[in-house]
$ cat coords_31.tsv   # TSV, C-alpha atoms
chain	number	residue	atom	x	y	z
A	585	MET	CA	-83.16	26.01	-83.58
A	586	SER	CA	-86.47	26.35	-81.80
A	587	ARG	CA	-85.04	24.45	-78.78
A	588	TYR	CA	-82.14	26.87	-78.61
A	589	ASN	CA	-84.39	29.91	-78.71
A	590	LEU	CA	-86.63	28.44	-76.03
A	591	LEU	CA	-83.66	27.89	-73.75
A	592	ILE	CA	-82.56	31.51	-74.18
A	593	LEU	CA	-86.05	32.84	-73.35
A	594	LEU	CA	-86.26	30.64	-70.26
A	595	SER	CA	-82.88	31.86	-68.97
A	596	ALA	CA	-83.86	35.49	-69.47
A	597	PHE	CA	-87.06	34.97	-67.52
A	598	VAL	CA	-85.21	33.45	-64.55
A	599	PHE	CA	-82.68	36.33	-64.52
A	600	LEU	CA	-85.41	38.97	-64.53
A	601	SER	CA	-87.29	37.22	-61.73
A	602	CYS	CA	-84.19	37.09	-59.44
A	603	HIS	CA	-83.32	40.71	-60.11
A	604	SER	CA	-86.87	41.80	-59.31
A	605	SER	CA	-86.80	39.83	-56.01
A	606	ASN	CA	-83.51	41.50	-54.93
A	607	ASP	CA	-84.92	44.95	-55.62
A	608	GLN	CA	-87.95	44.22	-53.50
A	609	LYS	CA	-85.69	43.10	-50.57
A	610	ASP	CA	-83.58	46.27	-50.80
A	611	GLN	CA	-86.70	48.41	-50.81
A	612	SER	CA	-88.09	46.59	-47.79
A	613	ARG	CA	-85.01	47.41	-45.60
A	614	SER	CA	-85.27	50.31	-43.08
A	615	PRO	CA	-83.12	53.26	-43.90
A	616	GLU	CA	-79.86	53.49	-41.80
A	617	VAL	CA	-79.94	56.12	-39.00
A	618	ILE	CA	-76.72	58.16	-38.78
A	619	PRO	CA	-76.22	59.45	-35.21
A	620	THR	CA	-75.72	63.12	-34.88
A	621	LYS	CA	-73.10	64.62	-32.49
A	622	VAL	CA	-74.66	65.87	-29.27
A	623	ASP	CA	-72.88	68.45	-27.23
A	624	SER	CA	-72.01	67.32	-23.67
A	625	VAL	CA	-74.46	68.55	-21.09
A	626	PRO	CA	-72.81	70.83	-18.57
A	627	THR	CA	-72.64	69.47	-15.06
A	628	GLY	CA	-74.31	72.55	-13.70
A	629	PRO	CA	-73.74	76.25	-13.18
A	630	PHE	CA	-70.53	77.29	-11.44
A	631	ARG	CA	-71.91	80.70	-10.55
A	632	VAL	CA	-74.67	81.66	-8.18
A	633	SER	CA	-76.38	85.01	-7.71
A	634	LEU	CA	-77.91	86.46	-4.56
A	635	THR	CA	-80.05	89.49	-3.90
A	636	GLN	CA	-79.22	91.82	-1.07
A	637	ALA	CA	-81.88	90.19	1.09
A	638	GLN	CA	-80.56	86.68	0.36
A	639	TYR	CA	-77.01	87.88	1.05
A	640	GLU	CA	-78.02	89.15	4.48
A	641	VAL	CA	-80.02	86.03	5.36
A	642	ALA	CA	-77.07	83.79	4.43
A	643	ALA	CA	-74.82	85.92	6.72
A	644	ILE	CA	-72.09	85.99	4.10
A	645	GLN	CA	-68.68	87.15	5.32
A	646	LEU	CA	-65.90	87.96	2.85
A	647	GLY	CA	-62.16	88.04	3.37
A	648	GLN	CA	-58.78	86.66	2.43
A	649	PRO	CA	-56.66	83.69	3.61
A	650	THR	CA	-54.59	84.40	6.74
A	651	LEU	CA	-51.20	82.97	7.67
A	652	ARG	CA	-51.30	80.59	10.64
A	653	THR	CA	-48.92	78.10	12.24
A	654	LEU	CA	-50.73	74.76	12.43
A	655	ASN	CA	-49.83	71.43	14.00
A	656	GLN	CA	-49.50	68.23	12.05
A	657	THR	CA	-48.70	64.82	13.48
A	658	LEU	CA	-45.73	62.54	12.93
A	659	LYS	CA	-46.29	58.83	13.59
A	660	ALA	CA	-43.65	56.99	15.59
A	661	ASN	CA	-43.12	53.78	17.54
A	662	GLY	CA	-41.05	53.05	20.61
A	663	THR	CA	-40.97	51.61	24.12
A	664	ILE	CA	-41.42	52.63	27.73
A	665	ASP	CA	-37.96	53.03	29.23
A	666	VAL	CA	-36.28	54.15	32.45
A	667	PRO	CA	-32.91	55.89	32.92
A	668	ALA	CA	-29.97	53.77	34.05
A	669	SER	CA	-29.99	55.53	37.42
A	670	ASN	CA	-33.45	54.07	38.12
A	671	LEU	CA	-32.45	50.45	37.43
A	672	VAL	CA	-30.97	49.26	40.73
A	673	SER	CA	-29.14	45.97	41.28
A	674	VAL	CA	-28.77	45.32	45.02
A	675	ALA	CA	-25.67	43.43	46.20
A	676	VAL	CA	-23.80	42.93	49.49
A	677	PRO	CA	-20.03	43.50	49.21
A	678	PHE	CA	-19.19	41.01	52.02
A	679	GLY	CA	-21.61	38.30	50.93
A	680	GLY	CA	-23.32	35.84	53.28
A	681	TYR	CA	-25.92	33.13	53.60
A	682	ILE	CA	-29.55	34.10	52.81
A	683	ARG	CA	-31.54	33.47	55.98
A	684	THR	CA	-34.80	35.31	55.19
A	685	ILE	CA	-36.16	36.67	51.93
A	686	ASP	CA	-39.74	37.32	50.82
A	687	LEU	CA	-39.64	38.96	47.40
A	688	GLU	CA	-41.53	38.33	44.17
A	689	PRO	CA	-41.27	40.09	40.78
A	690	GLY	CA	-43.83	42.88	40.59
A	691	MET	CA	-43.89	43.63	44.32
A	692	LYS	CA	-43.92	47.29	45.26
A	693	ILE	CA	-40.97	48.26	47.46
A	694	ARG	CA	-40.47	51.36	49.62
A	695	LYS	CA	-37.09	52.94	50.19
A	696	GLY	CA	-35.59	51.50	53.40
A	697	GLN	CA	-37.89	48.45	53.43
A	698	PRO	CA	-36.03	45.22	54.46
A	699	LEU	CA	-35.26	43.01	51.48
A	700	ALA	CA	-33.41	40.07	53.07
A	701	GLN	CA	-31.28	38.96	56.04
A	702	LEU	CA	-27.74	37.66	55.53
A	703	GLU	CA	-25.54	35.70	57.96
A	704	ASN	CA	-21.74	35.73	57.89
A	705	PRO	CA	-19.12	35.20	60.66
A	706	GLU	CA	-17.10	37.99	59.09
A	707	PHE	CA	-19.76	40.41	60.28
A	708	ILE	CA	-18.88	39.55	63.90
A	709	GLN	CA	-15.15	39.92	63.29
A	710	LEU	CA	-15.69	43.30	61.65
A	711	GLN	CA	-17.68	44.59	64.64
A	712	GLN	CA	-15.08	43.21	67.05
A	713	ASP	CA	-12.24	44.93	65.20
A	714	TYR	CA	-14.13	48.21	65.34
A	715	LEU	CA	-14.72	48.05	69.10
A	716	ASP	CA	-11.12	46.98	69.73
A	717	THR	CA	-9.74	49.86	67.69
A	718	LYS	CA	-12.11	52.27	69.35
A	719	ALA	CA	-10.83	51.22	72.80
A	720	LYS	CA	-7.21	51.62	71.73
A	721	LEU	CA	-7.95	55.05	70.34
A	722	GLU	CA	-9.52	56.16	73.62
A	723	PHE	CA	-6.32	55.18	75.47
A	724	ALA	CA	-4.21	56.86	72.77
A	725	ASP	CA	-6.18	60.08	73.25
A	726	LEU	CA	-5.41	60.08	76.98
A	727	GLU	CA	-1.73	59.36	76.41
A	728	TYR	CA	-1.60	62.04	73.74
A	729	ASN	CA	-2.95	64.68	76.11
A	730	ARG	CA	-0.53	63.63	78.89
A	731	GLN	CA	2.54	63.64	76.68
A	732	GLN	CA	1.53	66.98	75.22
A	733	GLU	CA	1.66	68.56	78.69
A	734	LEU	CA	5.03	66.98	79.48
A	735	SER	CA	6.63	68.00	76.20
A	736	ARG	CA	6.08	71.67	76.91
A	737	ASP	CA	8.75	71.77	79.70
A	738	ASN	CA	10.89	68.69	78.96
A	739	VAL	CA	12.71	68.60	75.64
A	740	ASN	CA	13.58	64.91	76.04
A	741	ALA	CA	9.87	64.05	76.20
A	742	LEU	CA	9.20	65.62	72.79
A	743	LYS	CA	10.25	62.48	70.90
A	744	LEU	CA	7.93	60.31	72.96
A	745	PHE	CA	5.07	62.76	72.33
A	746	GLN	CA	5.61	62.51	68.60
A	747	GLN	CA	5.42	58.69	68.76
A	748	VAL	CA	2.17	58.87	70.74
A	749	ARG	CA	0.72	61.35	68.25
A	750	SER	CA	1.65	59.08	65.32
A	751	THR	CA	0.03	56.04	66.99
A	752	ARG	CA	-3.11	58.06	67.72
A	753	GLN	CA	-3.44	59.21	64.12
A	754	SER	CA	-3.02	55.62	62.87
A	755	LEU	CA	-5.78	54.40	65.19
A	756	GLN	CA	-8.05	57.22	64.04
A	757	ALA	CA	-7.60	56.13	60.42
A	758	GLN	CA	-8.25	52.48	61.29
A	759	LEU	CA	-11.40	53.35	63.19
A	760	ALA	CA	-12.73	55.52	60.35
A	761	GLY	CA	-12.10	52.72	57.84
A	762	LEU	CA	-13.85	50.14	60.00
A	763	ALA	CA	-16.80	52.49	60.45
A	764	GLN	CA	-17.20	52.76	56.69
A	765	ARG	CA	-17.06	48.96	56.29
A	766	LEU	CA	-19.78	48.61	58.92
A	767	ALA	CA	-21.89	51.19	57.11
A	768	ILE	CA	-21.66	49.09	53.92
A	769	ILE	CA	-23.41	46.21	55.69
A	770	HIS	CA	-25.87	48.68	57.27
A	771	ILE	CA	-24.57	48.52	60.87
A	772	ASP	CA	-24.49	51.87	62.64
A	773	PRO	CA	-21.07	52.13	64.35
A	774	GLU	CA	-22.35	54.86	66.71
A	775	LYS	CA	-24.84	52.42	68.21
A	776	LEU	CA	-22.43	49.47	68.34
A	777	SER	CA	-21.44	48.04	71.76
A	778	PRO	CA	-20.04	44.71	73.04
A	779	ASN	CA	-23.58	43.70	74.01
A	780	GLN	CA	-24.97	44.30	70.50
A	781	LEU	CA	-22.74	42.20	68.27
A	782	THR	CA	-24.75	40.39	65.58
A	783	ARG	CA	-24.05	37.77	62.96
A	784	LEU	CA	-27.11	38.82	60.91
A	785	VAL	CA	-27.44	41.94	58.80
A	786	THR	CA	-30.60	43.28	57.22
A	787	VAL	CA	-30.35	44.61	53.67
A	788	PRO	CA	-32.70	47.60	53.14
A	789	SER	CA	-33.97	48.79	49.78
A	790	PRO	CA	-31.95	51.74	48.46
A	791	VAL	CA	-34.89	53.07	46.39
A	792	SER	CA	-38.63	52.84	46.03
A	793	GLY	CA	-39.97	50.95	43.04
A	794	PHE	CA	-40.98	47.51	41.84
A	795	VAL	CA	-39.10	44.23	42.06
A	796	THR	CA	-38.17	43.10	38.56
A	797	SER	CA	-35.90	40.11	39.28
A	798	VAL	CA	-35.01	37.86	42.25
A	799	PRO	CA	-32.15	35.62	41.10
A	800	ILE	CA	-31.40	34.05	44.53
A	801	ASN	CA	-33.20	31.91	47.11
A	802	LYS	CA	-33.20	31.24	50.84
A	803	GLY	CA	-30.20	29.28	52.16
A	804	ARG	CA	-27.94	30.11	49.25
A	805	PHE	CA	-24.58	31.78	49.82
A	806	LEU	CA	-24.54	35.19	48.23
A	807	ASN	CA	-21.11	36.08	46.87
A	808	PRO	CA	-20.03	39.74	46.83
A	809	SER	CA	-20.40	39.74	43.03
A	810	ASP	CA	-23.91	38.22	43.06
A	811	ILE	CA	-27.13	40.24	42.66
A	812	LEU	CA	-29.58	39.95	45.55
A	813	VAL	CA	-32.52	41.64	43.81
A	814	GLU	CA	-33.19	44.05	40.95
A	815	ILE	CA	-35.52	47.01	41.52
A	816	THR	CA	-36.91	49.48	38.99
A	817	ASN	CA	-37.80	52.97	40.14
A	818	VAL	CA	-40.70	54.16	37.98
A	819	ASP	CA	-40.72	57.75	39.22
A	820	HIS	CA	-38.89	58.91	36.10
A	821	LEU	CA	-40.24	56.77	33.28
A	822	HIS	CA	-39.81	58.08	29.77
A	823	VAL	CA	-40.95	57.15	26.28
A	824	ARG	CA	-38.15	56.22	23.88
A	825	LEU	CA	-39.34	56.84	20.31
A	826	SER	CA	-37.57	55.92	17.07
A	827	ILE	CA	-37.74	58.78	14.55
A	828	PHE	CA	-36.50	58.29	10.99
A	829	GLU	CA	-33.55	60.38	9.93
A	830	LYS	CA	-35.56	62.17	7.23
A	831	ASP	CA	-38.06	63.44	9.84
A	832	ILE	CA	-35.69	64.45	12.61
A	833	SER	CA	-35.51	68.09	11.44
A	834	ARG	CA	-39.24	68.41	12.25
A	835	VAL	CA	-38.81	67.24	15.85
A	836	HIS	CA	-37.80	69.62	18.67
A	837	THR	CA	-37.71	69.57	22.46
A	838	GLY	CA	-40.93	70.70	24.07
A	839	GLN	CA	-43.21	69.19	21.40
A	840	VAL	CA	-46.25	67.29	22.66
A	841	VAL	CA	-46.45	63.52	22.18
A	842	HIS	CA	-49.69	61.51	22.35
A	843	PHE	CA	-49.08	57.81	22.95
A	844	GLY	CA	-50.60	54.54	24.05
A	845	LEU	CA	-49.41	51.01	24.78
A	846	GLY	CA	-49.72	48.45	21.99
A	847	ASP	CA	-49.88	48.62	18.20
A	848	GLU	CA	-53.57	49.55	17.94
A	849	ALA	CA	-53.83	51.36	21.27
A	850	SER	CA	-55.80	54.54	21.81
A	851	LEU	CA	-53.48	57.45	22.47
A	852	VAL	CA	-54.69	58.19	25.98
A	853	HIS	CA	-51.37	59.38	27.40
A	854	GLN	CA	-49.48	62.60	26.76
A	855	GLY	CA	-45.93	63.81	27.28
A	856	LYS	CA	-43.29	66.26	26.07
A	857	ILE	CA	-40.00	65.67	24.27
A	858	PHE	CA	-37.00	66.54	26.48
A	859	LEU	CA	-34.06	64.93	24.66
A	860	ILE	CA	-33.13	64.13	21.05
A	861	GLY	CA	-30.39	61.59	20.38
A	862	LYS	CA	-27.26	62.37	18.40
A	863	SER	CA	-26.53	58.88	17.09
A	864	ILE	CA	-28.14	57.25	14.04
A	865	ALA	CA	-28.91	53.54	14.36
A	866	ALA	CA	-28.45	50.94	11.64
A	867	ASP	CA	-32.11	51.33	10.57
A	868	ARG	CA	-31.53	55.10	10.05
A	869	THR	CA	-33.51	56.16	13.11
A	870	LEU	CA	-32.68	58.38	16.08
A	871	ALA	CA	-33.82	57.97	19.67
A	872	VAL	CA	-36.14	60.71	20.96
A	873	LEU	CA	-37.10	60.76	24.64
A	874	ALA	CA	-40.34	62.19	26.06
A	875	HIS	CA	-41.49	62.57	29.68
A	876	PRO	CA	-45.08	61.37	30.35
A	877	ASP	CA	-47.40	63.79	32.11
A	878	GLY	CA	-47.73	61.79	35.32
A	879	TYR	CA	-47.43	58.10	36.19
A	880	SER	CA	-49.98	55.48	35.18
A	881	ALA	CA	-50.14	51.82	36.23
A	882	ASP	CA	-50.19	50.62	32.61
A	883	LEU	CA	-46.84	52.29	31.83
A	884	ILE	CA	-44.65	49.22	32.16
A	885	PRO	CA	-40.93	49.42	31.31
A	886	GLY	CA	-40.27	47.65	28.02
A	887	GLY	CA	-43.88	48.03	26.81
A	888	TYR	CA	-44.42	48.78	23.11
A	889	VAL	CA	-45.67	52.28	22.34
A	890	SER	CA	-47.56	53.83	19.42
A	891	ALA	CA	-47.27	57.61	19.32
A	892	LEU	CA	-48.10	60.76	17.40
A	893	VAL	CA	-45.81	63.78	17.68
A	894	ASP	CA	-47.39	67.22	17.27
A	895	VAL	CA	-45.18	68.97	14.70
A	896	LYS	CA	-45.62	72.69	14.13
A	897	THR	CA	-45.51	73.85	10.51
A	898	GLN	CA	-44.27	77.03	8.92
A	899	PRO	CA	-46.99	79.73	8.63
A	900	LEU	CA	-49.49	78.57	5.99
A	901	PRO	CA	-52.40	80.35	4.25
A	902	THR	CA	-55.58	79.22	5.99
A	903	LEU	CA	-59.33	79.73	5.84
A	904	PRO	CA	-62.03	78.96	8.39
A	905	GLU	CA	-63.56	75.52	7.94
A	906	THR	CA	-66.86	77.32	7.23
A	907	ALA	CA	-65.30	78.68	4.00
A	908	VAL	CA	-64.54	75.27	2.48
A	909	VAL	CA	-67.26	72.92	1.26
A	910	SER	CA	-66.93	69.37	-0.06
A	911	TYR	CA	-68.95	68.40	-3.10
A	912	LYS	CA	-68.54	65.35	-5.33
A	913	GLY	CA	-65.14	64.59	-3.85
A	914	LYS	CA	-63.80	68.11	-4.36
A	915	SER	CA	-62.91	70.90	-1.96
A	916	LEU	CA	-64.53	74.17	-3.07
A	917	VAL	CA	-64.70	77.82	-2.08
A	918	PHE	CA	-66.74	80.69	-3.46
A	919	VAL	CA	-65.31	84.02	-4.57
A	920	LEU	CA	-67.18	87.26	-5.18
A	921	GLU	CA	-67.12	88.14	-8.89
A	922	LYS	CA	-69.61	90.99	-9.09
A	923	LYS	CA	-71.48	93.38	-6.86
A	924	GLN	CA	-73.69	95.85	-8.68
A	925	GLY	CA	-77.00	97.73	-8.54
A	926	HIS	CA	-79.01	99.19	-5.72
A	927	PRO	CA	-80.13	97.24	-3.85
A	928	ALA	CA	-76.97	95.25	-4.58
A	929	ALA	CA	-76.91	91.98	-6.50
A	930	TYR	CA	-74.05	89.59	-5.83
A	931	GLN	CA	-72.54	87.00	-8.15
A	932	PHE	CA	-70.26	84.29	-6.74
A	933	ARG	CA	-68.06	81.82	-8.60
A	934	GLN	CA	-67.18	78.34	-7.46
A	935	VAL	CA	-63.42	77.58	-7.26
A	936	GLU	CA	-61.75	74.22	-6.60
A	937	ILE	CA	-58.86	74.31	-4.10
A	938	LYS	CA	-56.52	71.92	-2.32
A	939	THR	CA	-56.68	71.56	1.46
A	940	GLY	CA	-54.11	70.51	4.03
A	941	ILE	CA	-53.85	70.40	7.80
A	942	GLN	CA	-56.97	71.18	9.86
A	943	GLU	CA	-56.72	72.52	13.41
A	944	ASN	CA	-58.85	74.61	15.76
A	945	GLY	CA	-61.48	75.43	13.11
A	946	TYR	CA	-58.99	76.42	10.38
A	947	VAL	CA	-57.72	74.53	7.36
A	948	ALA	CA	-54.60	75.11	5.28
A	949	VAL	CA	-55.54	75.90	1.65
A	950	SER	CA	-53.84	76.21	-1.72
A	951	ILE	CA	-55.65	78.76	-3.89
A	952	PRO	CA	-55.29	78.50	-7.72
A	953	PRO	CA	-52.94	81.16	-9.14
A	954	ASN	CA	-55.70	82.60	-11.32
A	955	VAL	CA	-57.62	83.71	-8.21
A	956	ASN	CA	-56.53	86.91	-6.52
A	957	PRO	CA	-58.31	87.21	-3.15
A	958	ALA	CA	-57.45	90.91	-3.04
A	959	VAL	CA	-59.59	91.47	-6.16
A	960	THR	CA	-62.14	88.68	-5.73
A	961	PRO	CA	-62.69	88.20	-1.97
A	962	ILE	CA	-63.34	84.70	-0.70
A	963	VAL	CA	-66.49	83.75	1.19
A	964	ARG	CA	-65.22	82.95	4.71
A	965	LYS	CA	-68.67	82.26	6.16
A	966	GLY	CA	-71.87	81.17	4.40
A	967	ALA	CA	-70.32	78.90	1.77
A	968	TYR	CA	-72.79	76.10	2.53
A	969	SER	CA	-75.68	78.44	1.82
A	970	LEU	CA	-74.21	79.23	-1.59
A	971	LEU	CA	-73.70	75.52	-2.29
A	972	ALA	CA	-77.34	74.83	-1.41
A	973	LYS	CA	-78.48	77.63	-3.74
A	974	LEU	CA	-76.25	76.27	-6.48
A	975	ASN	CA	-77.74	72.76	-6.08
A	976	ASN	CA	-81.26	74.17	-6.22
A	977	ASN	CA	-80.42	75.94	-9.47
A	978	GLU	CA	-79.13	72.67	-10.94
A	979	GLU	CA	-82.34	70.83	-10.01
A	980	GLU	CA	-84.43	73.53	-11.71

$ encode --input "coords_31.tsv" --output "structure tokens"
Amino acid sequence: MSRYNLLILLSAFVFLSCHSSNDQKDQSRSPEVIPTKVDSVPTGPFRVSLTQAQYEVAAIQLGQPTLRTLNQTLKANGTIDVPASNLVSVAVPFGGYIRTIDLEPGMKIRKGQPLAQLENPEFIQLQQDYLDTKAKLEFADLEYNRQQELSRDNVNALKLFQQVRSTRQSLQAQLAGLAQRLAIIHIDPEKLSPNQLTRLVTVPSPVSGFVTSVPINKGRFLNPSDILVEITNVDHLHVRLSIFEKDISRVHTGQVVHFGLGDEASLVHQGKIFLIGKSIAADRTLAVLAHPDGYSADLIPGGYVSALVDVKTQPLPTLPETAVVSYKGKSLVFVLEKKQGHPAAYQFRQVEIKTGIQENGYVAVSIPPNVNPAVTPIVRKGAYSLLAKLNNNEEE
């Protein structure tokens, strides 16, 4: 019995000791801190006040947005091109052997400059036929005049006169046809005589320009269907731009185009649109042609072009650039809220807006609907002074 009682007393002592130790640990802990809700700190005042003296020093000017037609740009790509009339393929209808030729691609050619000399026995026969027909016609003219005099008094001679007249007219037609054939090979029939027959003809250039292709060589026989040389006249180069169908309503003749050669080229050249295509390609683009303002040596037909088209907009509300300030990634203006007292005290409010196209010192703006410029005029000049004052107030 005494052992049992001793065991109970010992157990009670151990329990009390553990409980006392736990209480001491709980008391030794720091009390938990419960955070209190802190109101967000305002980013700064959105209003700024000026005295009359400060207002005058800042040179504040008030007003409203004005409607202006501004230019925006439309990006386009294209090539340098020439009209079909300026791409000349030179051929000789009667053909012949190439005896002299000194042409290379890229050479500059003047109109009338000799391109090559061709040799062909048919040239001699053609000149001979012309001179022979010319001689027959001269005799026919004499016979015609004689028979005309005789037919006036002798009725029987009238039939003979008619035969002579018919022969004369036939020779006239033959001679005119031969003269045209000689002109094709650049032989002047008026200067042709029996002492000036030639088997060689010189082919002159029909236009001024640059040689783009020489598909023949010396000694080769040039058939009438063969090309002797190809020449490009660069006097009327144009820029062929590809404009997407969705943008074509914004493009009109007379608009200015700034362009340069290459993908990353500086747009050093300028031109004006003179023609808009009426056919949509498979990639949903239309061809738009622009004339460059003058010729430049780097404008090479077929060259790739990067361009910007100046597109006029509908009249938009605008403000001077001095009215709009940028702060923390936002576009801001100031409006006059109050003007009171004497001397006057001014209170301005900051308003965030959206901006658009900028041109010639003006910027297109979108004013919030809760701002009525007729009631609260907008600061058109001096906005940066107000922004500086506002920043100083925030620092204080």

$ closest_residue --input "coords_31.tsv" --among "A:Ser809, A:Thr869, A:Thr635, A:Thr816" --to "Asp665 (chain A)" --atoms "all atoms listed in the file"
A:Thr816

$ residues_around --input "coords_31.tsv" --residues "region 745-753 of chain A" --least-positions-apart "6" --cutoff "12 Å" --atoms "all atoms listed in the file" --output "PyMOL selection string"
chain A and resi 717-736+738-739+759-760

$ write_last_selection --input "coords_31.tsv" --atoms "C-alpha atoms" --output "short mmCIF file (atom, residue, chain, number, x, y, z; two decimals), keeping the file's coordinate frame"
data_model
loop_
_atom_site.label_atom_id
_atom_site.label_comp_id
_atom_site.auth_asym_id
_atom_site.auth_seq_id
_atom_site.Cartn_x
_atom_site.Cartn_y
_atom_site.Cartn_z
CA THR A 717 -9.74 49.86 67.69
CA LYS A 718 -12.11 52.27 69.35
CA ALA A 719 -10.83 51.22 72.80
CA LYS A 720 -7.21 51.62 71.73
CA LEU A 721 -7.95 55.05 70.34
CA GLU A 722 -9.52 56.16 73.62
CA PHE A 723 -6.32 55.18 75.47
CA ALA A 724 -4.21 56.86 72.77
CA ASP A 725 -6.18 60.08 73.25
CA LEU A 726 -5.41 60.08 76.98
CA GLU A 727 -1.73 59.36 76.41
CA TYR A 728 -1.60 62.04 73.74
CA ASN A 729 -2.95 64.68 76.11
CA ARG A 730 -0.53 63.63 78.89
CA GLN A 731 2.54 63.64 76.68
CA GLN A 732 1.53 66.98 75.22
CA GLU A 733 1.66 68.56 78.69
CA LEU A 734 5.03 66.98 79.48
CA SER A 735 6.63 68.00 76.20
CA ARG A 736 6.08 71.67 76.91
CA ASN A 738 10.89 68.69 78.96
CA VAL A 739 12.71 68.60 75.64
CA LEU A 759 -11.40 53.35 63.19
CA ALA A 760 -12.73 55.52 60.35
#

$ closest_residue --input "coords_31.tsv" --among "A:Ile941, A:Gly925, A:Val959, A:Ser789" --to "Ser673 (chain A)" --atoms "all atoms listed in the file"
A:Ser789

$ closest_residue --input "coords_31.tsv" --among "A:Thr906, A:Gln701, A:Gln931, A:Ser863" --to "Phe828 (chain A)" --atoms "all atoms listed in the file"
A:Ser863

$ closest_atom_pairs --input "coords_31.tsv" --of "region 623-683 of chain A" --to "region 907-915 of chain A" --cutoff "12 Å" --atoms "all atoms listed in the file" --output "JSON lines"
{"residue": "A:Thr627", "atom": "CA", "partner": "A:Lys912", "partner_atom": "CA", "distance": 11.3}
{"residue": "A:Ile644", "atom": "CA", "partner": "A:Ala907", "partner_atom": "CA", "distance": 10.0}
{"residue": "A:Gln645", "atom": "CA", "partner": "A:Ala907", "partner_atom": "CA", "distance": 9.2}
{"residue": "A:Leu646", "atom": "CA", "partner": "A:Ala907", "partner_atom": "CA", "distance": 9.4}
{"residue": "A:Gly647", "atom": "CA", "partner": "A:Ala907", "partner_atom": "CA", "distance": 9.9}
{"residue": "A:Gln648", "atom": "CA", "partner": "A:Ala907", "partner_atom": "CA", "distance": 10.4}
{"residue": "A:Pro649", "atom": "CA", "partner": "A:Ala907", "partner_atom": "CA", "distance": 10.0}

$ residues_near_point --input "coords_31.tsv" --point "(-42.3, 56.8, 16.3)" --cutoff "9 Å" --atoms "all atoms listed in the file" --output "list in words"
Leu658, Lys659, Ala660, Asn661, Gly662, Arg824, Leu825, Ser826, Ile827, Phe828, Val872, Val889, Ser890, Ala891, Leu892 and Val893 of chain A

$ closest_residue --input "coords_31.tsv" --among "A:Leu766, A:Ile800, A:Leu920, A:Ile815" --to "Arg694 (chain A)" --atoms "only C-alpha atoms"
A:Ile815

$ closest_residue --input "coords_31.tsv" --among "A:Ala967, A:Leu870, A:Val947, A:Leu806" --to "Val674 (chain A)" --atoms "all atoms listed in the file"
A:Leu806

$ closest_residue --input "coords_31.tsv" --among "A:Leu671, A:Ala763, A:Ile937, A:Val641" --to "Ser969 (chain A)" --atoms "only C-alpha atoms"
A:Val641

$ atom_distance --input "coords_31.tsv" --atom1 "CA of Val835 (chain A)" --atom2 "CA of Gly861 (chain A)"
11.1 Å
